[in-house]
Every structure is written in structure tokens, then in C-alpha cells.
Amino acid sequence: MAIDVNGRAAELTRRTARADGSRVDAIRGDLLTSMRDEAIDVVIFNPPYVTTPSDDVGGDTIEASWAGGRRGRVVIDRLLTADGLRRCLADGALLYLLLSDENEPAEVLAALASLGFEATTVLARTARNERLSVHRAVLKGGAPR
């Protein structure tokens, strides 16, 4: 399943999957608000992470795909503070998260640890003028919900 705030992006995800011979249920939604309790085993989160003015965040234009607001963290912080993240994930669930150095990854990983995740960096590289990293976080069973 794929969730995107942009309906056109969700439709393009469905088309791409179909062209690749796969089936993906892609819906328009906001983060995890449309998910059942403990229903998700894996989340791959490529958030809008670029530092921009906060009023650029959200909406349904292409800018919403990269506009991350202050420190590029508006959407990331919503996910980390949302009741939905812990509520929607099954014990042992995996979260893969793309971050830029501007997002202060150590701070994000500390927030994940406070939610009961054990996180590691699985990839880090420079892409043009950005230092990007992918983090794998495992939700430990028995962590507070």
C-alpha cells in the first residue's frame, strides 16, 4: 500500500506498479491517519525534507513533494509525534526513513528511540549539494504504545 497527500502521485504510483507487473493499492491520504491499529509491517518514508518557508509545506502542487519547512522537518516531526505511528505499526515493524543532514538526523533518531525504535544508518551519500542518509528503524516489541 502507498499513501500520498497528492492524489496525482497516488495515481502515478498505481500506474507505475501496473506497468511493472505489480499491484499496489495507492491512496490519497495524510501520513498514517487512514490506517488500522497494528496493521503495518514496513514503512518506507521519503518525506519532503528540503528546508523551505513553512507556508510552502503541504498542498497538492509539486512543491509539496520536497518542501519540508523549518529544518526540513515539518512533515517528519508530524510523523514522529503522531499517535498514528506507534498505533499503526505491528511489533517488529520496520521503518525506512530518508533524511538530509539539514534535518539533524541524530535528533530524529533520538526521537525514534523514545518511541521504542532501534535505528541504524544503512546508507549515506552526497547527491549534488545534499548529504542524504537512509535509516532503518525496528519497532521493538513491548515498547510503550
# chains A, B, ... in the order shown; residues from 1 in each chain; ligands from 1
call {"tool": "closest_atom_pairs", "arguments": {"of": "stretch 1-113 of chain A", "to": "stretch 137-142 of chain A", "cutoff": "12 Å", "atoms": "only C-alpha atoms", "output": "JSON lines"}}
result
{"residue": "A:Glu38", "atom": "CA", "partner": "A:Leu139", "partner_atom": "CA", "distance": 11.3}
{"residue": "A:Ile40", "atom": "CA", "partner": "A:Leu139", "partner_atom": "CA", "distance": 11.1}
{"residue": "A:Asp41", "atom": "CA", "partner": "A:Leu139", "partner_atom": "CA", "distance": 9.6}
{"residue": "A:Val42", "atom": "CA", "partner": "A:Val138", "partner_atom": "CA", "distance": 9.3}
{"residue": "A:Val43", "atom": "CA", "partner": "A:Ala137", "partner_atom": "CA", "distance": 9.7}
{"residue": "A:Ile44", "atom": "CA", "partner": "A:Ala137", "partner_atom": "CA", "distance": 10.5}
{"residue": "A:Phe45", "atom": "CA", "partner": "A:Ala137", "partner_atom": "CA", "distance": 11.3}
{"residue": "A:Leu85", "atom": "CA", "partner": "A:Leu139", "partner_atom": "CA", "distance": 10.3}
{"residue": "A:Arg86", "atom": "CA", "partner": "A:Leu139", "partner_atom": "CA", "distance": 8.5}
{"residue": "A:Arg87", "atom": "CA", "partner": "A:Leu139", "partner_atom": "CA", "distance": 11.3}
{"residue": "A:Cys88", "atom": "CA", "partner": "A:Leu139", "partner_atom": "CA", "distance": 11.2}
{"residue": "A:Leu89", "atom": "CA", "partner": "A:Leu139", "partner_atom": "CA", "distance": 7.8}
{"residue": "A:Ala90", "atom": "CA", "partner": "A:Leu139", "partner_atom": "CA", "distance": 7.9}
{"residue": "A:Asp91", "atom": "CA", "partner": "A:Gly141", "partner_atom": "CA", "distance": 4.7}
{"residue": "A:Gly92", "atom": "CA", "partner": "A:Leu139", "partner_atom": "CA", "distance": 4.8}
{"residue": "A:Ala93", "atom": "CA", "partner": "A:Leu139", "partner_atom": "CA", "distance": 5.3}
{"residue": "A:Leu94", "atom": "CA", "partner": "A:Val138", "partner_atom": "CA", "distance": 4.7}
{"residue": "A:Leu95", "atom": "CA", "partner": "A:Ala137", "partner_atom": "CA", "distance": 5.0}
{"residue": "A:Tyr96", "atom": "CA", "partner": "A:Ala137", "partner_atom": "CA", "distance": 6.4}
{"residue": "A:Leu97", "atom": "CA", "partner": "A:Ala137", "partner_atom": "CA", "distance": 8.0}
{"residue": "A:Leu98", "atom": "CA", "partner": "A:Ala137", "partner_atom": "CA", "distance": 11.4}
{"residue": "A:Val108", "atom": "CA", "partner": "A:Ala137", "partner_atom": "CA", "distance": 11.0}
{"residue": "A:Leu109", "atom": "CA", "partner": "A:Ala137", "partner_atom": "CA", "distance": 8.5}
{"residue": "A:Ala110", "atom": "CA", "partner": "A:Ala137", "partner_atom": "CA", "distance": 11.1}
{"residue": "A:Ala111", "atom": "CA", "partner": "A:Ala137", "partner_atom": "CA", "distance": 11.3}
{"residue": "A:Leu112", "atom": "CA", "partner": "A:Ala137", "partner_atom": "CA", "distance": 7.7}
{"residue": "A:Ala113", "atom": "CA", "partner": "A:Ala137", "partner_atom": "CA", "distance": 8.8}
call {"tool": "select_by_dssp", "arguments": {"residues": "stretch 22-120 of chain A", "states": "alpha helix (DSSP H)", "output": "list of chain:residue names"}}
result
A:Val74, A:Val75, A:Ile76, A:Asp77, A:Arg78, A:Leu79, A:Leu80, A:Thr81, A:Asp83, A:Gly84, A:Leu85, A:Arg86, A:Arg87, A:Cys88, A:Pro105, A:Ala106, A:Glu107, A:Val108, A:Leu109, A:Ala110, A:Ala111, A:Leu112, A:Ala113, A:Ser114
call {"tool": "residues_around", "arguments": {"residues": "A:Ala10", "least_positions_apart": "5", "cutoff": "12 Å", "atoms": "only C-alpha atoms", "output": "list in words"}}
result
Met1, Ala2, Ile3, Asp4, Val5, Arg15, Thr16, Ala17, Val24, Asp25, Ala26, Ile27, Arg28, Gly29, Asp30 and Asp60 of chain A
call {"tool": "write_last_selection", "arguments": {"atoms": "C-alpha atoms", "output": "short mmCIF file (atom, residue, chain, number, x, y, z; two decimals), in the first residue's frame"}}
result
data_model
loop_
_atom_site.label_atom_id
_atom_site.label_comp_id
_atom_site.auth_asym_id
_atom_site.auth_seq_id
_atom_site.Cartn_x
_atom_site.Cartn_y
_atom_site.Cartn_z
CA MET A 1 0.00 0.00 0.00
CA ALA A 2 1.16 3.52 -0.75
CA ILE A 3 -0.19 6.72 0.78
CA ASP A 4 0.43 10.16 -0.64
CA VAL A 5 -1.15 13.50 0.16
CA ARG A 15 0.25 3.13 -12.99
CA THR A 16 3.96 2.54 -12.42
CA ALA A 17 3.27 -0.59 -10.41
CA VAL A 24 -0.04 -1.51 -5.32
CA ASP A 25 -3.01 -0.02 -3.54
CA ALA A 26 -2.13 3.67 -3.63
CA ILE A 27 -4.46 6.05 -1.87
CA ARG A 28 -4.60 9.75 -1.21
CA GLY A 29 -4.17 10.29 2.50
CA ASP A 30 -2.23 12.14 5.15
CA ASP A 60 -1.32 19.44 -3.82
#
call {"tool": "closest_residue", "arguments": {"among": "A:Asp37, A:Arg128, A:Asp77, A:Arg23", "to": "A:Glu107", "atoms": "only C-alpha atoms"}}
result
A:Asp77
call {"tool": "residues_around", "arguments": {"residues": "A:Thr52", "least_positions_apart": "4", "cutoff": "8 Å", "atoms": "only C-alpha atoms", "output": "PyMOL selection string"}}
result
chain A and resi 56-57+67-72
call {"tool": "write_last_selection", "arguments": {"atoms": "N, CA and C atoms", "output": "PDB file, in the first residue's frame"}}
result
ATOM      1  N   ASP A  56       5.240  26.896   2.526  1.00  0.00           N
ATOM      2  CA  ASP A  56       5.366  26.086   1.309  1.00  0.00           C
ATOM      3  C   ASP A  56       4.982  24.624   1.546  1.00  0.00           C
ATOM      4  N   VAL A  57       4.861  24.214   2.803  1.00  0.00           N
ATOM      5  CA  VAL A  57       4.592  22.815   3.144  1.00  0.00           C
ATOM      6  C   VAL A  57       3.127  22.485   2.883  1.00  0.00           C
ATOM      7  N   ALA A  67       9.026  20.351  -0.186  1.00  0.00           N
ATOM      8  CA  ALA A  67       9.012  21.455   0.779  1.00  0.00           C
ATOM      9  C   ALA A  67       8.818  20.936   2.199  1.00  0.00           C
ATOM     10  N   GLY A  68       9.884  21.019   3.005  1.00  0.00           N
ATOM     11  CA  GLY A  68       9.864  20.472   4.353  1.00  0.00           C
ATOM     12  C   GLY A  68       9.740  21.494   5.460  1.00  0.00           C
ATOM     13  N   GLY A  69       9.681  22.793   5.121  1.00  0.00           N
ATOM     14  CA  GLY A  69       9.564  23.814   6.155  1.00  0.00           C
ATOM     15  C   GLY A  69      10.853  23.989   6.945  1.00  0.00           C
ATOM     16  N   ARG A  70      10.709  24.518   8.149  1.00  0.00           N
ATOM     17  CA  ARG A  70      11.859  24.802   9.014  1.00  0.00           C
ATOM     18  C   ARG A  70      12.669  23.518   9.244  1.00  0.00           C
ATOM     19  N   ARG A  71      13.959  23.575   8.988  1.00  0.00           N
ATOM     20  CA  ARG A  71      14.889  22.448   9.105  1.00  0.00           C
ATOM     21  C   ARG A  71      14.470  21.256   8.236  1.00  0.00           C
ATOM     22  N   GLY A  72      13.491  21.456   7.350  1.00  0.00           N
ATOM     23  CA  GLY A  72      13.006  20.356   6.526  1.00  0.00           C
ATOM     24  C   GLY A  72      12.277  19.301   7.328  1.00  0.00           C
TER      25      GLY A  72
END
call {"tool": "residues_around", "arguments": {"residues": "A:Arg73", "least_positions_apart": "4", "cutoff": "9 Å", "atoms": "only C-alpha atoms", "output": "MDAnalysis selection string"}}
result
chainID A and resid 47:51 68:69 77:78 102:104
call {"tool": "closest_residue", "arguments": {"among": "A:Pro105, A:Gly116, A:Gly59, A:Gly84", "to": "A:Ala39", "atoms": "only C-alpha atoms"}}
result
A:Gly84
call {"tool": "atom_distance", "arguments": {"atom1": "atom CA of A:Asn6", "atom2": "atom CA of A:Thr61"}}
result
7.7 Å
call {"tool": "atom_distance", "arguments": {"atom1": "atom CA of A:Leu79", "atom2": "atom CA of A:Arg8"}}
result
21.8 Å
call {"tool": "atom_distance", "arguments": {"atom1": "atom CA of A:Asp55", "atom2": "atom CA of A:Arg131"}}
result
24.2 Å
